[in-house]
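K.L.:
Before I ask anything, let me first share the structure, which is written out below as structure tokens.
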Number of protein chains: 2
Amino acid sequence: MESHLDADRHRIEGRLEEIGDRFLADLPGDVAAAIRYGLQSPGKRLRPLLALYGYRAAGGADDASLLACAPEVMHAYSLMHDDLPCMDDDDMRRGRPTVHKVYGSRTAILAGVSMIPLSVQVVRDGAKAMALPVSVIASLTETLLAAGGDAGMIGGQVRDLEGEGSGLSLDELQAVHLAKTGALIVASVRMGAIAAGATHSQLDAISHYGRDIGLAFQIMDDVLDVTSTTSVLGKTSGRDAVLRKSTYPALLGVEGAQQRAKDLITDGLDRLASEGILTRELSQVANFMVTRTS
Amino acid sequence: MESHLDADRHRIEGRLEEIGDRFLADLPGDVAAAIRYGLQSPGKRLRPLLALYGYRAAGGADDASLLACAPEVMHAYSLMHDDLPCMDDDDMRRGRPTVHKVYGSRTAILAGVSMIPLSVQVVRDGAKAMALPVSVIASLTETLLAAGGDAGMIGGQVRDLEGEGSGLSLDELQAVHLAKTGALIVASVRMGAIAAGATHSQLDAISHYGRDIGLAFQIMDDVLDVTSTTSVLGKTSGRDAVLRKSTYPALLGVEGAQQRAKDLITDGLDRLASEGILTRELSQVANFMVTRTS
């Protein structure tokens, strides 16, 4: 992503380390270490950036960087569990061995489940540092947990696993992705906007933007799985074909999928513009979705 | 437990079924079924009863039965994960095959993690039905998640697994149990008292009572593992010895352990009495801890 986003990402990385130090004192050895390992994965930090930029787009002026990490904690838990042998059974993630390869499945499961309450604690502490009222904290918590719960990631994960090798239609595939990755991306940018006191129609536009870029992200994930190599991707490429998963390139062709992703970005940005909250930052994140190479 | 507690337990059972029906519509097939199966396990419903009785002891007069189910949802998740092959590896629980034996480990893991946000949703809906203010809802959520998070069940579970075969001291064993089962029992009775607007000193007494009966419960669990049979217990008896776990009977003898449990109950009830909130219901639950046979 553009280099002047690096300052924000650097701040986010610092906050994630802080979370490891501040919140994990009560956890015995390996579980705390596994959580830290998961949080320090060299990720793109899209969700915290989206929370931060949603906050600023809706007029927020405080330091929202701790609050913005809450969806990243939830995301890190979901990766940890997705990689488990009984789920996707992945050995590598972002160029490093997956959590269960380092700490074992038992610790990876325990670390993952303890990150759900941890993410709520981060919401609370982040929101308190910004002196947000308790009703806003409740709304933030609800937004995060709904995305991490039945209607969100879990539902998508189940449908994804069920869909392996079974040939989903484009609509079914979209429903899987909206739930599995879209819900938390929408929640991230929405949480930022909620913290800034966005209006209902602004929140609608923000959610629409989130859904659009979330889908675009997933489409490009599928495209990269076909076009990239394992070393560039940092995880095993070509797995979708091995697992006979339905993908956008399989359904639309590589170019068709890329065009679909671009159309989604355009639509998302139009929505923000019509509410007067299209910022350079939100535009950059959206464009990153379709230009990234890993 | 005494037969006139049956009405409350019956109401709780109805609420748990309702939770299955109301909240799980968005979850695909097996995960929803696994959650229902877990919630409908023929358990003692101690945690909901404690929440209900804590509420009434602190002067609450509304119907708190839905709110009271929130810690049971958290408890049911923890059992589901504790029984997994990579954890305690148990095939039977309360006379039925464990969740992963019926639905597989993958579904048991997914069902378990989705019950954490579900438990928070139950807090929210239960509290809203009682028209509790948002600050109280926040406090209830915090109490529940803290018990389910790092300082509570997870920490205890890790220490328990680490302690297998290694000979814990009495103090270490007590710390494990306070975290693994005690934290959620304390949270249950405390949540009821918080919902009723208990004073700080009442909450202190309630928490003390919760710790005491939680430990007594665990001591008697260890005792029953030694003295009971698999058919009465509804789970495999004698497993502690097989796993070479530290237990109270091993450290204090069976009679010494039983006496310790009785002393704890007396202490807990004294605390409630000194705050003027010793009710017949809370006394009955406490006594059940040391008289139960399964």
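Residues are referred to by chain and number: the chain letter is A, B, ... according to the order shown in the structure tokens, the number counts from 1 in that chain, and ligands are numbered separately from 1 in the order shown.
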Output as a tab-separated table one row per residue of chain A within 9 Å of chain B: the closest atom pair and its distance in Å to one decimal place, counting only C-alpha atoms, sorted by chain and residue number ascending.

P.N.:
residue	atom	partner	partner_atom	distance
A:Phe23	CA	B:Asp150	CA	8.6
A:Leu24	CA	B:Asp150	CA	7.2
A:Ala25	CA	B:Ala151	CA	8.7
A:Asp26	CA	B:Ala151	CA	5.3
A:Leu27	CA	B:Gly155	CA	5.4
A:Pro28	CA	B:Gly155	CA	6.3
A:Gly29	CA	B:Val158	CA	9.0
A:Asp30	CA	B:Val158	CA	8.8
A:Val31	CA	B:Val158	CA	7.9
A:Ala32	CA	B:Asp150	CA	8.9
A:His81	CA	B:Ile109	CA	8.7
A:Cys86	CA	B:Arg106	CA	5.5
A:Met87	CA	B:Arg106	CA	6.3
A:Ser105	CA	B:Cys86	CA	7.0
A:Arg106	CA	B:Cys86	CA	5.5
A:Thr107	CA	B:Val158	CA	8.3
A:Ile109	CA	B:Ile109	CA	8.1
A:Leu110	CA	B:Ile154	CA	6.6
A:Ala111	CA	B:Ile154	CA	8.4
A:Gly112	CA	B:Val113	CA	8.6
A:Val113	CA	B:Val113	CA	6.2
A:Ser114	CA	B:Gly149	CA	5.2
A:Met115	CA	B:Gly149	CA	7.9
A:Ile116	CA	B:Ile116	CA	7.5
A:Pro117	CA	B:Gly149	CA	5.5
A:Leu118	CA	B:Gly149	CA	7.0
A:Val120	CA	B:Leu145	CA	8.2
A:Gln121	CA	B:Glu142	CA	8.1
A:Val134	CA	B:Ser135	CA	6.2
A:Ser135	CA	B:Val134	CA	6.2
A:Ile137	CA	B:Ala138	CA	8.2
A:Ala138	CA	B:Ala138	CA	6.6
A:Glu142	CA	B:Gln121	CA	8.1
A:Leu145	CA	B:Pro117	CA	5.5
A:Ala146	CA	B:Pro117	CA	7.0
A:Gly148	CA	B:Pro117	CA	7.3
A:Gly149	CA	B:Ser114	CA	5.2
A:Asp150	CA	B:Leu27	CA	5.5
A:Ala151	CA	B:Asp26	CA	5.3
A:Gly152	CA	B:Asp26	CA	8.8
A:Ile154	CA	B:Leu110	CA	6.6
A:Gly155	CA	B:Leu27	CA	5.4
A:Gly156	CA	B:Pro28	CA	8.9
A:Gln157	CA	B:Leu110	CA	8.6
A:Val158	CA	B:Pro28	CA	6.9
A:Arg159	CA	B:Pro28	CA	7.1

K.L.:
Determine, counting only C-alpha atoms, which protein, DNA and RNA residues have an atom within 9 Å of an atom of A:Asn287; residues of the same chain fewer than 3 positions away are not included. Present the result as a ChimeraX atom specification.

P.N.:
/A:213,262,265,282-284,290-292

K.L.:
For the residues selected in the previous step, produce a file with N, CA and C atoms as a PDB file, in the first residue's frame.

P.N.:
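As written to disk, out_4.pdb reads:
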ATOM      1  N   ILE A 213     -15.692  -3.417  -0.951  1.00  0.00           N
ATOM      2  CA  ILE A 213     -14.242  -3.656  -0.957  1.00  0.00           C
ATOM      3  C   ILE A 213     -13.914  -5.028  -0.367  1.00  0.00           C
ATOM      4  N   LYS A 262     -12.956  -4.388  -9.811  1.00  0.00           N
ATOM      5  CA  LYS A 262     -12.849  -2.944 -10.081  1.00  0.00           C
ATOM      6  C   LYS A 262     -14.212  -2.263 -10.030  1.00  0.00           C
ATOM      7  N   ILE A 265     -15.247  -1.655  -6.453  1.00  0.00           N
ATOM      8  CA  ILE A 265     -14.532  -0.523  -5.853  1.00  0.00           C
ATOM      9  C   ILE A 265     -15.178   0.796  -6.281  1.00  0.00           C
ATOM     10  N   LEU A 282      -9.743   6.338   2.489  1.00  0.00           N
ATOM     11  CA  LEU A 282     -10.660   5.245   2.159  1.00  0.00           C
ATOM     12  C   LEU A 282     -10.548   4.868   0.682  1.00  0.00           C
ATOM     13  N   SER A 283     -10.248   5.850  -0.146  1.00  0.00           N
ATOM     14  CA  SER A 283     -10.051   5.591  -1.565  1.00  0.00           C
ATOM     15  C   SER A 283      -8.783   4.758  -1.797  1.00  0.00           C
ATOM     16  N   GLN A 284      -7.729   5.095  -1.047  1.00  0.00           N
ATOM     17  CA  GLN A 284      -6.474   4.347  -1.191  1.00  0.00           C
ATOM     18  C   GLN A 284      -6.621   2.881  -0.778  1.00  0.00           C
ATOM     19  N   VAL A 290      -7.540  -3.885  -5.346  1.00  0.00           N
ATOM     20  CA  VAL A 290      -7.463  -4.417  -6.710  1.00  0.00           C
ATOM     21  C   VAL A 290      -6.077  -4.311  -7.334  1.00  0.00           C
ATOM     22  N   THR A 291      -5.128  -3.687  -6.617  1.00  0.00           N
ATOM     23  CA  THR A 291      -3.787  -3.559  -7.190  1.00  0.00           C
ATOM     24  C   THR A 291      -2.756  -4.393  -6.456  1.00  0.00           C
ATOM     25  N   ARG A 292      -3.148  -4.975  -5.324  1.00  0.00           N
ATOM     26  CA  ARG A 292      -2.169  -5.710  -4.531  1.00  0.00           C
ATOM     27  C   ARG A 292      -1.673  -6.945  -5.286  1.00  0.00           C
TER      28      ARG A 292
END

K.L.:
Could you pull out the alpha helix (DSSP H) residues of stretch 71-244 of chain B, going by DSSP on the backbone, and write them as a ChimeraX atom specification?

P.N.:
/B:71-82,99-103,105-129,134-148,155-163,170-177,183-195,200-227,230-233,239-242

K.L.:
Would you save the residues of that selection, restricted to C-alpha atoms, as a compact mmCIF listing (two decimals), in the first residue's frame?

P.N.:
# COMPACT_ATOMS: atom_id res chain seq x y z
CA PRO B 71 -23.52 -18.09 31.67
CA GLU B 72 -24.99 -21.49 30.77
CA VAL B 73 -24.32 -20.79 27.09
CA MET B 74 -20.72 -19.93 27.99
CA HIS B 75 -20.52 -23.06 30.17
CA ALA B 76 -21.91 -25.29 27.41
CA TYR B 77 -19.27 -23.95 24.99
CA SER B 78 -16.50 -24.73 27.48
CA LEU B 79 -17.70 -28.32 27.94
CA MET B 80 -17.85 -28.78 24.17
CA HIS B 81 -14.22 -27.70 23.79
CA ASP B 82 -12.95 -29.44 26.96
CA VAL B 99 -20.66 -33.09 20.85
CA HIS B 100 -17.60 -33.98 18.76
CA LYS B 101 -18.56 -37.67 18.87
CA VAL B 102 -21.88 -36.79 17.27
CA TYR B 103 -20.93 -33.90 14.96
CA SER B 105 -14.36 -31.98 15.94
CA ARG B 106 -14.63 -29.32 13.26
CA THR B 107 -18.29 -28.64 14.00
CA ALA B 108 -17.71 -28.86 17.76
CA ILE B 109 -14.99 -26.19 17.52
CA LEU B 110 -17.11 -23.89 15.34
CA ALA B 111 -20.19 -24.38 17.50
CA GLY B 112 -18.16 -23.62 20.61
CA VAL B 113 -16.63 -20.39 19.34
CA SER B 114 -19.96 -19.11 18.08
CA MET B 115 -21.43 -19.62 21.55
CA ILE B 116 -19.20 -16.87 22.96
CA PRO B 117 -20.85 -14.06 20.97
CA LEU B 118 -24.15 -15.91 21.45
CA SER B 119 -23.80 -15.69 25.24
CA VAL B 120 -23.31 -11.91 24.93
CA GLN B 121 -26.39 -11.69 22.73
CA VAL B 122 -28.34 -13.51 25.42
CA VAL B 123 -27.11 -11.00 28.02
CA ARG B 124 -28.23 -8.15 25.80
CA ASP B 125 -31.65 -9.58 24.98
CA GLY B 126 -32.27 -10.76 28.53
CA ALA B 127 -31.27 -7.39 29.97
CA LYS B 128 -33.34 -5.47 27.42
CA ALA B 129 -36.40 -7.55 28.28
CA VAL B 134 -27.06 0.26 29.06
CA SER B 135 -24.43 0.80 31.78
CA VAL B 136 -25.71 -2.29 33.61
CA ILE B 137 -25.72 -4.29 30.37
CA ALA B 138 -22.09 -3.28 29.83
CA SER B 139 -21.20 -4.42 33.34
CA LEU B 140 -23.00 -7.75 32.82
CA THR B 141 -21.21 -8.34 29.51
CA GLU B 142 -17.86 -7.48 31.03
CA THR B 143 -18.45 -9.84 33.96
CA LEU B 144 -19.40 -12.72 31.69
CA LEU B 145 -16.59 -12.25 29.17
CA ALA B 146 -13.95 -11.81 31.87
CA ALA B 147 -14.99 -15.17 33.33
CA GLY B 148 -14.88 -16.77 29.88
CA GLY B 155 -6.37 -19.88 32.05
CA GLY B 156 -7.75 -22.63 34.28
CA GLN B 157 -8.07 -25.08 31.43
CA VAL B 158 -4.47 -24.51 30.39
CA ARG B 159 -3.19 -24.91 33.93
CA ASP B 160 -5.34 -28.02 34.31
CA LEU B 161 -3.91 -29.59 31.15
CA GLU B 162 -0.38 -28.58 32.15
CA GLY B 163 -0.92 -30.07 35.60
CA LEU B 170 -3.29 -27.91 47.25
CA ASP B 171 -2.83 -24.19 46.58
CA GLU B 172 -2.04 -24.78 42.92
CA LEU B 173 -5.02 -27.10 42.56
CA GLN B 174 -7.27 -24.49 44.15
CA ALA B 175 -5.97 -21.80 41.76
CA VAL B 176 -6.76 -24.07 38.80
CA HIS B 177 -10.31 -24.69 39.97
CA ALA B 183 -14.76 -17.81 37.68
CA LEU B 184 -17.94 -18.62 35.77
CA ILE B 185 -19.85 -19.68 38.89
CA VAL B 186 -18.89 -16.40 40.56
CA ALA B 187 -19.84 -14.52 37.40
CA SER B 188 -23.25 -16.23 37.32
CA VAL B 189 -24.36 -15.27 40.81
CA ARG B 190 -22.70 -11.87 40.46
CA MET B 191 -24.51 -11.13 37.19
CA GLY B 192 -27.82 -11.75 38.93
CA ALA B 193 -26.87 -9.42 41.77
CA ILE B 194 -25.61 -6.75 39.35
CA ALA B 195 -28.89 -6.88 37.43
CA HIS B 200 -20.63 -3.08 46.47
CA SER B 201 -20.52 -4.89 49.80
CA GLN B 202 -23.36 -7.17 48.73
CA LEU B 203 -21.45 -7.95 45.53
CA ASP B 204 -18.36 -8.76 47.57
CA ALA B 205 -20.32 -11.20 49.72
CA ILE B 206 -21.96 -12.71 46.64
CA SER B 207 -18.56 -13.20 45.00
CA HIS B 208 -17.20 -14.81 48.14
CA TYR B 209 -20.18 -17.16 48.26
CA GLY B 210 -19.64 -17.97 44.58
CA ARG B 211 -15.96 -18.81 45.10
CA ASP B 212 -16.77 -20.98 48.11
CA ILE B 213 -19.51 -23.02 46.49
CA GLY B 214 -17.56 -23.23 43.23
CA LEU B 215 -14.62 -24.80 45.05
CA ALA B 216 -16.96 -27.07 47.02
CA PHE B 217 -18.53 -28.16 43.75
CA GLN B 218 -15.15 -29.03 42.30
CA ILE B 219 -14.02 -30.85 45.43
CA MET B 220 -17.16 -32.97 45.30
CA ASP B 221 -16.57 -33.57 41.58
CA ASP B 222 -13.20 -35.06 42.46
CA VAL B 223 -14.75 -37.06 45.31
CA LEU B 224 -17.49 -38.43 43.04
CA ASP B 225 -14.89 -39.38 40.44
CA VAL B 226 -13.39 -41.67 43.10
CA THR B 227 -16.54 -42.93 44.82
CA THR B 230 -19.72 -44.35 35.35
CA SER B 231 -23.44 -45.10 35.08
CA VAL B 232 -24.40 -42.89 38.04
CA LEU B 233 -22.01 -40.12 37.03
CA ARG B 239 -10.49 -40.79 34.77
CA ASP B 240 -8.61 -38.50 37.13
CA ALA B 241 -6.53 -41.42 38.39
CA VAL B 242 -5.91 -42.63 34.83

K.L.:
How many Å separate atom CA of B:Leu49 from atom CA of B:Lys245?

P.N.:
29.6 Å

K.L.:
Taking the DSSP assignment computed from this structure's backbone, write out as a PyMOL selection string all residues of stretch 81-208 of chain A that belong to strand (DSSP E or B).

P.N.:
chain A and resi 92-93+96-97

K.L.:
Expressed in Å to a single decimal, how great is the separation between atom CA of B:Gly60 and atom CA of B:Ala198?

P.N.:
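A separation of 9.0 Å between them.
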